[in-house]
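So this block is coords.cif, mmCIF, C-alpha atoms and all ligand atoms:
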data_model
loop_
_atom_site.label_atom_id
_atom_site.label_comp_id
_atom_site.auth_asym_id
_atom_site.auth_seq_id
_atom_site.Cartn_x
_atom_site.Cartn_y
_atom_site.Cartn_z
CA MET A 26 7.29 -17.69 -6.95
CA ARG A 27 3.91 -17.41 -8.61
CA LEU A 28 1.94 -14.54 -7.13
CA SER A 29 -1.73 -13.82 -7.63
CA ASP A 30 -2.58 -11.48 -10.54
CA ARG A 31 -3.92 -8.90 -8.13
CA MET A 32 -0.45 -8.41 -6.58
CA SER A 33 0.72 -6.85 -9.85
CA ARG A 34 -1.86 -4.11 -9.28
CA LEU A 35 -0.67 -3.20 -5.79
CA GLY A 36 1.47 -0.06 -5.42
CA THR A 37 3.41 1.25 -2.43
CA GLU A 38 4.36 4.35 -0.46
CA THR A 39 7.66 5.84 -1.62
CA ALA A 40 8.27 7.66 1.68
CA PHE A 41 9.43 4.42 3.30
CA GLU A 42 11.76 3.65 0.40
CA VAL A 43 13.34 7.14 0.47
CA LEU A 44 13.72 6.87 4.25
CA ALA A 45 15.60 3.59 3.76
CA ARG A 46 17.92 5.22 1.17
CA ALA A 47 18.51 8.20 3.48
CA ARG A 48 19.32 5.87 6.39
CA ALA A 49 21.80 3.95 4.17
CA LEU A 50 23.59 7.25 3.40
CA GLU A 51 23.66 8.08 7.12
CA ALA A 52 25.21 4.68 7.80
CA GLU A 53 28.02 5.76 5.42
CA GLY A 54 28.57 8.87 7.54
CA ARG A 55 26.54 11.40 5.50
CA ASN A 56 24.43 14.01 7.25
CA ILE A 57 20.83 14.04 5.99
CA VAL A 58 17.98 16.42 6.82
CA HIS A 59 14.79 14.37 6.89
CA LEU A 60 11.86 16.06 5.21
CA GLU A 61 10.44 12.94 3.58
CA ILE A 62 8.38 11.14 6.15
CA GLY A 63 4.84 12.13 7.12
CA GLU A 64 4.95 11.84 10.86
CA PRO A 65 5.21 14.40 13.65
CA ASP A 66 8.71 14.62 15.14
CA PHE A 67 7.09 15.14 18.57
CA ASP A 68 6.77 12.39 21.16
CA THR A 69 3.35 11.08 22.12
CA PRO A 70 2.13 13.29 25.04
CA HIS A 71 3.14 11.68 28.35
CA THR A 72 -0.46 11.52 29.67
CA ILE A 73 -1.29 9.22 26.73
CA ILE A 74 1.84 7.10 27.23
CA ASP A 75 0.96 6.74 30.94
CA ALA A 76 -2.57 5.61 30.04
CA GLY A 77 -1.15 2.98 27.66
CA VAL A 78 1.26 1.68 30.31
CA ARG A 79 -1.51 1.61 32.93
CA ALA A 80 -3.73 -0.31 30.53
CA LEU A 81 -1.04 -2.96 30.06
CA GLN A 82 -0.61 -3.27 33.82
CA ASN A 83 -4.37 -3.49 34.31
CA GLY A 84 -4.80 -6.46 32.03
CA TYR A 85 -5.61 -4.87 28.66
CA THR A 86 -3.59 -7.59 27.02
CA HIS A 87 -6.42 -9.61 25.46
CA TYR A 88 -8.59 -9.51 22.35
CA THR A 89 -11.25 -6.80 22.23
CA PRO A 90 -14.45 -6.62 20.15
CA SER A 91 -13.48 -6.31 16.45
CA SER A 92 -14.96 -2.84 16.10
CA GLY A 93 -13.27 -1.58 19.28
CA ILE A 94 -13.56 -1.26 23.06
CA PRO A 95 -16.93 0.35 23.97
CA ALA A 96 -15.26 3.16 25.97
CA LEU A 97 -13.22 4.16 22.91
CA LEU A 98 -16.20 3.92 20.53
CA GLU A 99 -18.08 6.24 22.93
CA ALA A 100 -15.17 8.68 23.14
CA ILE A 101 -14.78 8.79 19.33
CA ALA A 102 -18.52 9.26 18.71
CA HIS A 103 -18.63 12.05 21.30
CA ASP A 104 -15.50 13.78 19.99
CA ALA A 105 -16.70 13.60 16.37
CA THR A 106 -20.14 14.91 17.35
CA MET A 107 -18.60 17.91 19.12
CA ARG A 108 -16.05 18.70 16.42
CA ARG A 109 -18.19 18.16 13.35
CA GLY A 110 -21.61 19.21 14.63
CA ILE A 111 -23.25 15.96 13.48
CA ALA A 112 -24.71 13.44 15.97
CA PHE A 113 -22.70 10.19 15.81
CA THR A 114 -23.30 7.01 17.83
CA PRO A 115 -20.73 4.37 18.90
CA SER A 116 -22.35 1.81 16.57
CA GLU A 117 -21.24 3.96 13.63
CA VAL A 118 -17.56 3.72 14.60
CA VAL A 119 -15.00 1.02 13.71
CA VAL A 120 -11.55 1.24 15.33
CA THR A 121 -8.62 0.00 13.24
CA PRO A 122 -4.81 -0.28 13.57
CA GLY A 123 -4.17 3.19 12.08
CA GLY A 124 -6.46 5.06 9.69
CA LYS A 125 -5.02 3.31 6.64
CA PRO A 126 -7.04 0.08 6.96
CA ILE A 127 -10.22 2.13 6.57
CA MET A 128 -9.16 2.87 2.97
CA PHE A 129 -8.49 -0.80 2.38
CA TYR A 130 -11.76 -1.94 3.94
CA ALA A 131 -13.91 0.75 2.31
CA LEU A 132 -12.62 -0.29 -1.11
CA LEU A 133 -12.98 -4.01 -0.39
CA ALA A 134 -16.52 -3.46 0.86
CA LEU A 135 -17.75 -1.11 -1.87
CA ALA A 136 -15.73 -1.45 -5.09
CA ASP A 137 -15.70 -4.30 -7.59
CA THR A 138 -14.33 -5.00 -11.05
CA GLY A 139 -16.30 -2.63 -13.26
CA SER A 140 -16.81 -0.02 -10.52
CA GLU A 141 -15.22 3.39 -10.78
CA VAL A 142 -13.58 5.27 -7.92
CA LEU A 143 -12.57 8.92 -8.05
CA TYR A 144 -9.45 9.88 -6.12
CA PRO A 145 -7.21 12.96 -5.75
CA ASN A 146 -4.07 13.05 -7.91
CA PRO A 147 -1.60 14.07 -6.60
CA GLY A 148 -2.86 12.32 -3.48
CA PHE A 149 -1.97 9.82 -0.78
CA PRO A 150 -0.48 6.98 -2.90
CA ILE A 151 -2.38 4.21 -1.15
CA TYR A 152 -5.69 5.41 -2.65
CA GLU A 153 -4.64 4.65 -6.23
CA SER A 154 -2.84 1.47 -5.19
CA MET A 155 -5.85 0.11 -3.32
CA ILE A 156 -8.38 1.07 -5.99
CA ASN A 157 -6.33 -0.85 -8.57
CA PHE A 158 -5.99 -3.77 -6.16
CA SER A 159 -9.75 -3.89 -5.64
CA GLY A 160 -10.20 -4.29 -9.40
CA ALA A 161 -12.11 -1.02 -9.78
CA LYS A 162 -11.14 1.66 -12.29
CA ALA A 163 -9.15 4.50 -10.71
CA VAL A 164 -10.39 7.86 -12.05
CA PRO A 165 -8.04 10.73 -11.08
CA ILE A 166 -9.29 14.05 -9.79
CA PRO A 167 -6.45 16.42 -10.77
CA MET A 168 -5.41 18.70 -7.89
CA LEU A 169 -3.66 21.42 -9.84
CA GLU A 170 -1.67 24.41 -8.64
CA ASP A 171 -3.60 26.87 -10.79
CA HIS A 172 -6.70 25.69 -8.90
CA ASP A 173 -4.92 26.18 -5.57
CA PHE A 174 -4.44 22.39 -5.44
CA SER A 175 -8.20 21.91 -5.07
CA PRO A 176 -10.31 19.95 -7.56
CA ASP A 177 -12.04 21.64 -10.47
CA VAL A 178 -15.48 20.77 -9.09
CA PRO A 179 -17.48 20.85 -12.38
CA GLN A 180 -14.85 18.56 -13.93
CA LEU A 181 -15.01 16.24 -10.90
CA LEU A 182 -18.81 16.08 -11.11
CA SER A 183 -18.63 15.31 -14.83
CA HIS A 184 -16.78 12.06 -13.98
CA ILE A 185 -19.61 10.73 -11.82
CA ASN A 186 -21.78 8.10 -13.50
CA GLU A 187 -23.84 5.03 -12.55
CA LYS A 188 -20.66 2.97 -12.14
CA THR A 189 -19.06 5.36 -9.66
CA ARG A 190 -19.17 3.71 -6.24
CA LEU A 191 -16.82 5.89 -4.25
CA ILE A 192 -15.31 9.37 -4.28
CA ILE A 193 -12.22 9.81 -2.13
CA LEU A 194 -11.70 13.28 -0.71
CA ASN A 195 -8.86 14.36 1.55
CA SER A 196 -8.98 17.72 3.28
CA PRO A 197 -6.56 19.06 4.46
CA HIS A 198 -4.71 17.36 1.68
CA ASN A 199 -1.55 15.28 1.60
CA PRO A 200 0.72 16.20 -0.26
CA THR A 201 -0.28 19.81 -1.06
CA GLY A 202 -1.78 21.06 2.21
CA SER A 203 -4.85 22.41 0.38
CA ALA A 204 -8.29 22.38 2.00
CA LEU A 205 -11.71 22.05 0.38
CA SER A 206 -13.95 25.09 0.82
CA TYR A 207 -17.52 24.98 2.11
CA ALA A 208 -18.81 25.84 -1.39
CA GLU A 209 -16.77 23.06 -3.02
CA LEU A 210 -18.01 20.47 -0.51
CA GLU A 211 -21.59 21.69 -0.85
CA ALA A 212 -21.47 21.36 -4.65
CA ILE A 213 -20.01 17.83 -4.47
CA ALA A 214 -22.56 16.77 -1.84
CA ALA A 215 -25.49 18.09 -3.90
CA GLU A 216 -24.46 15.81 -6.79
CA VAL A 217 -23.54 12.74 -4.72
CA VAL A 218 -27.02 12.48 -3.17
CA LYS A 219 -28.50 11.99 -6.65
CA TYR A 220 -26.79 8.58 -6.98
CA PRO A 221 -28.17 5.87 -4.66
CA ASP A 222 -25.05 3.66 -4.76
CA LEU A 223 -22.44 6.37 -4.40
CA MET A 224 -20.44 6.87 -1.19
CA VAL A 225 -17.70 9.30 -0.17
CA LEU A 226 -14.56 8.32 1.71
CA SER A 227 -13.63 11.54 3.46
CA ASP A 228 -10.07 11.30 4.74
CA GLU A 229 -10.03 13.85 7.55
CA ILE A 230 -6.86 12.69 9.29
CA TYR A 231 -5.43 16.25 9.15
CA SER A 232 -8.68 18.00 10.11
CA ARG A 233 -7.24 19.43 13.32
CA MET A 234 -4.12 20.66 11.54
CA LEU A 235 -5.76 23.55 9.74
CA TYR A 236 -4.14 27.00 9.88
CA GLU A 237 -6.88 28.99 8.17
CA GLY A 238 -10.64 28.74 8.64
CA SER A 239 -12.35 25.81 10.31
CA HIS A 240 -12.75 22.24 9.18
CA VAL A 241 -15.98 21.23 7.45
CA SER A 242 -16.86 17.58 6.91
CA ILE A 243 -18.83 16.62 3.80
CA ALA A 244 -20.88 14.41 6.16
CA SER A 245 -22.53 17.56 7.52
CA PHE A 246 -24.40 18.39 4.29
CA PRO A 247 -28.03 17.25 3.83
CA GLY A 248 -28.30 13.54 3.10
CA MET A 249 -24.53 13.03 3.37
CA LYS A 250 -24.16 11.44 6.78
CA GLU A 251 -25.68 8.29 5.26
CA ARG A 252 -23.21 8.49 2.35
CA THR A 253 -19.95 9.25 4.09
CA ILE A 254 -17.16 7.22 5.63
CA ILE A 255 -15.03 9.57 7.69
CA LEU A 256 -11.44 8.38 8.11
CA ASP A 257 -9.65 9.84 11.10
CA GLY A 258 -7.09 8.72 13.64
CA PHE A 259 -4.52 9.39 16.31
CA SER A 260 -1.26 9.09 14.30
CA LYS A 261 -0.88 12.74 13.36
CA ILE A 262 -2.72 14.89 15.89
CA TYR A 263 -1.50 12.93 18.94
CA ALA A 264 1.89 11.98 17.43
CA MET A 265 0.98 8.29 17.76
CA THR A 266 2.09 6.84 14.41
CA GLY A 267 3.75 3.79 15.98
CA TRP A 268 0.82 2.91 18.23
CA ARG A 269 -1.35 2.13 15.19
CA LEU A 270 -4.71 3.62 16.07
CA GLY A 271 -7.31 5.04 13.72
CA TYR A 272 -10.99 4.73 12.93
CA GLY A 273 -13.80 5.09 10.47
CA ILE A 274 -17.20 6.65 11.14
CA MET A 275 -19.89 5.44 8.75
CA PRO A 276 -23.52 4.34 8.49
CA GLU A 277 -24.21 1.57 11.00
CA GLU A 278 -25.05 -0.97 8.29
CA LEU A 279 -21.65 -0.48 6.64
CA ALA A 280 -19.89 -0.46 10.04
CA LYS A 281 -21.08 -4.06 10.53
CA HIS A 282 -19.42 -5.12 7.27
CA ILE A 283 -16.21 -3.20 7.92
CA SER A 284 -16.11 -4.80 11.36
CA ARG A 285 -16.43 -8.20 9.66
CA LEU A 286 -13.40 -7.30 7.52
CA MET A 287 -11.56 -6.50 10.77
CA THR A 288 -12.56 -9.91 12.18
CA ASN A 289 -11.21 -11.54 9.03
CA SER A 290 -7.89 -9.72 9.06
CA ASN A 291 -6.70 -8.16 12.35
CA SER A 292 -9.30 -9.57 14.79
CA CYS A 293 -9.05 -6.26 16.68
CA THR A 294 -6.80 -3.29 17.37
CA ALA A 295 -4.29 -3.68 20.26
CA ALA A 296 -6.19 -3.32 23.55
CA PHE A 297 -3.73 -1.06 25.41
CA THR A 298 -3.42 1.18 22.35
CA GLN A 299 -7.19 1.64 22.39
CA MET A 300 -7.11 2.60 26.07
CA ALA A 301 -4.41 5.16 25.32
CA GLY A 302 -6.79 6.48 22.66
CA VAL A 303 -9.52 7.05 25.28
CA GLU A 304 -7.06 9.21 27.24
CA ALA A 305 -6.01 11.04 24.06
CA LEU A 306 -9.58 12.10 23.28
CA THR A 307 -10.83 12.76 26.80
CA GLY A 308 -7.65 14.15 28.43
CA PRO A 309 -5.92 17.53 28.00
CA GLN A 310 -5.52 18.73 24.40
CA THR A 311 -2.76 21.27 25.10
CA ALA A 312 0.10 19.16 23.69
CA SER A 313 -1.73 18.76 20.36
CA GLU A 314 -2.60 22.43 20.23
CA GLU A 315 1.00 23.44 20.91
CA MET A 316 2.23 21.04 18.25
CA VAL A 317 -0.11 22.57 15.66
CA GLU A 318 1.08 26.08 16.62
CA GLU A 319 4.68 24.94 16.13
CA PHE A 320 3.78 23.48 12.72
CA ARG A 321 2.30 26.83 11.73
CA LYS A 322 5.64 28.56 12.48
CA ARG A 323 7.55 25.93 10.54
CA ARG A 324 5.15 26.24 7.62
CA ASP A 325 5.77 29.99 7.43
CA HIS A 326 9.53 29.44 7.69
CA ILE A 327 9.77 26.79 4.98
CA VAL A 328 7.44 28.62 2.58
CA ALA A 329 9.47 31.85 2.89
CA GLY A 330 12.74 29.92 2.56
CA LEU A 331 11.68 27.99 -0.55
CA ASN A 332 10.32 31.12 -2.22
CA SER A 333 13.70 32.81 -1.72
CA ILE A 334 15.36 30.18 -3.95
CA LYS A 335 15.61 31.00 -7.65
CA GLY A 336 13.58 28.57 -9.76
CA ILE A 337 11.35 27.38 -6.90
CA SER A 338 7.94 28.73 -6.00
CA CYS A 339 5.80 27.54 -3.13
CA ARG A 340 2.19 28.26 -2.17
CA THR A 341 1.25 28.63 1.47
CA PRO A 342 -0.60 25.45 2.43
CA LYS A 343 -3.74 25.75 4.56
CA GLY A 344 -3.27 22.58 6.58
CA ALA A 345 -1.38 19.32 7.35
CA PHE A 346 2.44 19.55 7.57
CA TYR A 347 3.52 19.42 3.95
CA VAL A 348 4.57 21.90 1.29
CA PHE A 349 4.43 21.14 -2.42
CA PRO A 350 6.79 23.56 -4.19
CA ASN A 351 6.90 23.94 -7.96
CA ILE A 352 10.39 23.13 -9.28
CA ARG A 353 9.67 23.26 -13.03
CA GLU A 354 11.97 26.23 -13.64
CA THR A 355 14.95 24.18 -12.52
CA GLY A 356 14.53 22.11 -15.69
CA LYS A 357 14.67 18.87 -13.70
CA THR A 358 11.97 16.24 -13.32
CA SER A 359 10.63 15.65 -9.82
CA LYS A 360 12.51 12.38 -9.52
CA GLU A 361 15.79 13.84 -10.82
CA PHE A 362 15.51 16.74 -8.44
CA ALA A 363 14.61 14.59 -5.41
CA ASP A 364 17.58 12.28 -6.14
CA LEU A 365 19.95 15.25 -6.61
CA LEU A 366 18.77 16.72 -3.31
CA LEU A 367 19.30 13.46 -1.47
CA TYR A 368 22.65 12.43 -2.91
CA GLU A 369 24.28 15.84 -3.49
CA GLY A 370 22.45 18.04 -1.02
CA GLY A 371 21.77 15.70 1.89
CA VAL A 372 18.07 16.57 2.03
CA ALA A 373 15.51 13.77 1.87
CA ALA A 374 12.27 14.78 0.14
CA LEU A 375 9.74 13.04 -2.06
CA ALA A 376 9.19 13.53 -5.78
CA GLY A 377 5.72 14.92 -6.54
CA THR A 378 5.19 11.91 -8.79
CA ALA A 379 5.28 9.66 -5.70
CA PHE A 380 1.72 11.00 -5.25
CA GLY A 381 0.53 10.36 -8.80
CA SER A 382 1.21 11.50 -12.35
CA TYR A 383 -0.19 15.00 -11.75
CA GLY A 384 2.59 15.56 -9.23
CA GLU A 385 5.25 15.97 -11.95
CA GLY A 386 7.09 19.27 -11.56
CA TYR A 387 6.76 19.33 -7.76
CA LEU A 388 8.46 18.04 -4.62
CA ARG A 389 6.90 17.25 -1.28
CA PHE A 390 8.63 18.35 1.87
CA SER A 391 7.25 17.36 5.25
CA TYR A 392 7.96 20.15 7.73
CA ALA A 393 7.74 17.80 10.69
CA ASN A 394 11.28 18.78 11.63
CA SER A 395 12.79 21.60 13.68
CA ILE A 396 13.16 25.17 12.33
CA GLU A 397 16.96 24.70 12.63
CA GLN A 398 16.87 21.58 10.44
CA ILE A 399 14.47 23.26 8.00
CA GLN A 400 16.88 26.21 7.73
CA ILE A 401 19.80 23.87 6.99
CA ALA A 402 17.63 22.17 4.33
CA ILE A 403 16.81 25.52 2.68
CA GLU A 404 20.51 26.40 2.48
CA ARG A 405 21.35 23.00 1.03
CA ILE A 406 18.52 23.15 -1.53
CA ASN A 407 19.68 26.62 -2.57
CA ALA A 408 23.23 25.32 -3.04
CA VAL A 409 22.01 22.37 -5.13
CA VAL A 410 19.91 24.64 -7.35
CA ASN A 411 22.83 27.03 -7.86
CA ARG A 412 25.22 24.20 -8.69
CA ALA A 413 22.73 22.60 -11.08
CA ALA A 414 22.28 25.92 -12.91
CA VAL A 415 26.00 26.26 -13.69
C1 LIG B 1 -3.89 11.41 3.91
C2 LIG B 1 -3.56 10.34 4.86
N1 LIG B 1 -4.52 9.50 5.26
C3 LIG B 1 -4.27 8.50 6.11
C4 LIG B 1 -3.01 8.27 6.60
C5 LIG B 1 -2.80 7.05 7.47
O1 LIG B 1 -2.35 7.27 8.71
P1 LIG B 1 -2.29 6.10 9.81
O2 LIG B 1 -2.59 4.80 9.17
O3 LIG B 1 -0.91 6.18 10.38
O4 LIG B 1 -3.35 6.46 10.81
C6 LIG B 1 -1.97 9.11 6.23
C7 LIG B 1 -0.58 8.90 6.71
O5 LIG B 1 0.39 9.37 6.21
C8 LIG B 1 -2.25 10.19 5.35
O6 LIG B 1 -1.31 11.06 4.95
#
Written as structure tokens, that's how I'd like the structure from this file.
Amino acid sequence: MRLSDRMSRLGTETAFEVLARARALEAEGRNIVHLEIGEPDFDTPHTIIDAGVRALQNGYTHYTPSSGIPALLEAIAHDATMRRGIAFTPSEVVVTPGGKPIMFYALLALADTGSEVLYPNPGFPIYESMINFSGAKAVPIPMLEDHDFSPDVPQLLSHINEKTRLIILNSPHNPTGSALSYAELEAIAAEVVKYPDLMVLSDEIYSRMLYEGSHVSIASFPGMKERTIILDGFSKIYAMTGWRLGYGIMPEELAKHISRLMTNSNSCTAAFTQMAGVEALTGPQTASEEMVEEFRKRRDHIVAGLNSIKGISCRTPKGAFYVFPNIRETGKTSKEFADLLLYEGGVAALAGTAFGSYGEGYLRFSYANSIEQIQIAIERINAVVNRAAV
């Protein structure tokens, strides 16, 4: 079959491929601890499920406006205003099936052949994939351990030029769990406002999963609300990955274009899912808060466990539900080590390189699994490391 040239530039997300390999091993009778996939192991809170079911029964089974149902746009604008301290209006919001399409649409709307886009590396793999697909040049922002997995800001700023159309930031960060500081965001914002055609895609999907300090959006700095597309959604904080519900908040003029991209692709997000989203934002928040508290305990458990293994060292992440341990001392590459863990140890994890070339020497574990399962994983990893050292 003859595919378009652009398909050769499209990447993928390895987590789904590793999950498939782990499931194949399980089908053969092997026991696998799943630490590969980036989704909460909790169920969607029942109040949200009830709202979704009610919506279906009440006729929310039709198309909705492309940018979203007005009640949800209102709820998102209000929630974002309260949480980020910036006044947002419903006309600045576009609802999408998950947060991911916002990356796709932002790049389609803003980047061209000849444009440059800065993105975190290691980082969520879809950024690099989509930048390449759009035809723009992907310029990595290294997120290195000796910089606490944050960007070297002067180096980042030195990459900005007249061709730079978009800077992608992600805080808290997948895969390292790092978070950008106020000073780092302030310095980036001060430079961005000097370039009239430069925008920031601020992926804040983990903003409510922060264990130290409070979340700051780059949109809150002077002149930045007009330059920022905030990506957020319901998948992580409300354990709603399968509902497919996310959104972008952006200048109204851009929202119209992103909405047009929605009309051209999805038409709209599922109506009952949107109504469940209204309940998620306006109803009780206790289930989310308890989930985040549980993640904090698991984070502490997995960090201590990994650091007790010879040859592995792991920083304490500030947010999200991932750890990114350094495995260089084992003498294995990330891929070799991830494969060894899966096939010999029965632990599914991702190679750091699944998040970009700067991820070599690391693994990513998602700690969206019970403390008991995490403990079993630690013991299995320890056994694999000891066997490999013989
Ligand atoms: C950094 C980051 N952004 C966005 C997403 C997209 O989430 P969804 O499309 O499920 O809302 C993910 C999911 O793993 C993520 O890790």
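Pocket residues of ligand LIG 1 (chain B), taken as those with any atom at most 8 Å away using all atoms listed in the file, are Gly63, Glu64, Pro122, Gly123, Gly124, Lys125, Pro126, Gly148, Phe149, Asn195, His198, Asn199, Pro200, Asp228, Glu229, Ile230, Tyr231, Leu256, Asp257, Gly258, Phe259, Ser260, Lys261, Met265, Thr266, Gly267, Arg269, Leu270 and Gly271 of chain A.
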| Counting all atoms listed in the file, which of A:Met128, A:Ala312, A:Ala136, A:Val118 gets nearest to A:Leu194? | A:Met128
| Interatomic distance, atom CA of A:Gly36 to atom CA of A:Asp364 (Å, one decimal) | 20.3 Å
| Separation of atom CA of A:Ile255 from atom CA of A:His71, in Å and rounded to one decimal |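 Separating atom CA of A:Ile255 from atom CA of A:His71 is a distance of 27.6 Å.
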| message | Can you tell me which residues surround A:Ser333 at a distance of at most 12 Å, considering all atoms listed in the file, apart from same-chain residues fewer than 3 positions away, and format the answer as a PyMOL selection string? | response | chain A and resi 326-330+336-339+350+400+403-404+406-407+410
| said: At a cut-off of 9 Å, using only C-alpha atoms, what residues contact stretch 357-362 of chain A? Leave out same-chain residues fewer than 3 positions from it and give the result as number ranges by chain. | reply: A: 352-354, 365-367, 375-379, 384-388
| message | Report as a ChimeraX atom specification all protein, DNA and RNA residues lying within 12 Å of A:Glu117, evaluated on all atoms listed in the file, omitting residues in the same chain fewer than 6 positions from it. | response | /A:92-93,95,98-99,101-103,105-106,250-251,253-255,272-284
| message | Considering only C-alpha atoms, can you say which of A:Ile262, A:Gln180, A:Ala80, A:Leu226 comes closest to A:Phe129? | response |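 Smallest separation from A:Phe129 among the options: A:Leu226.
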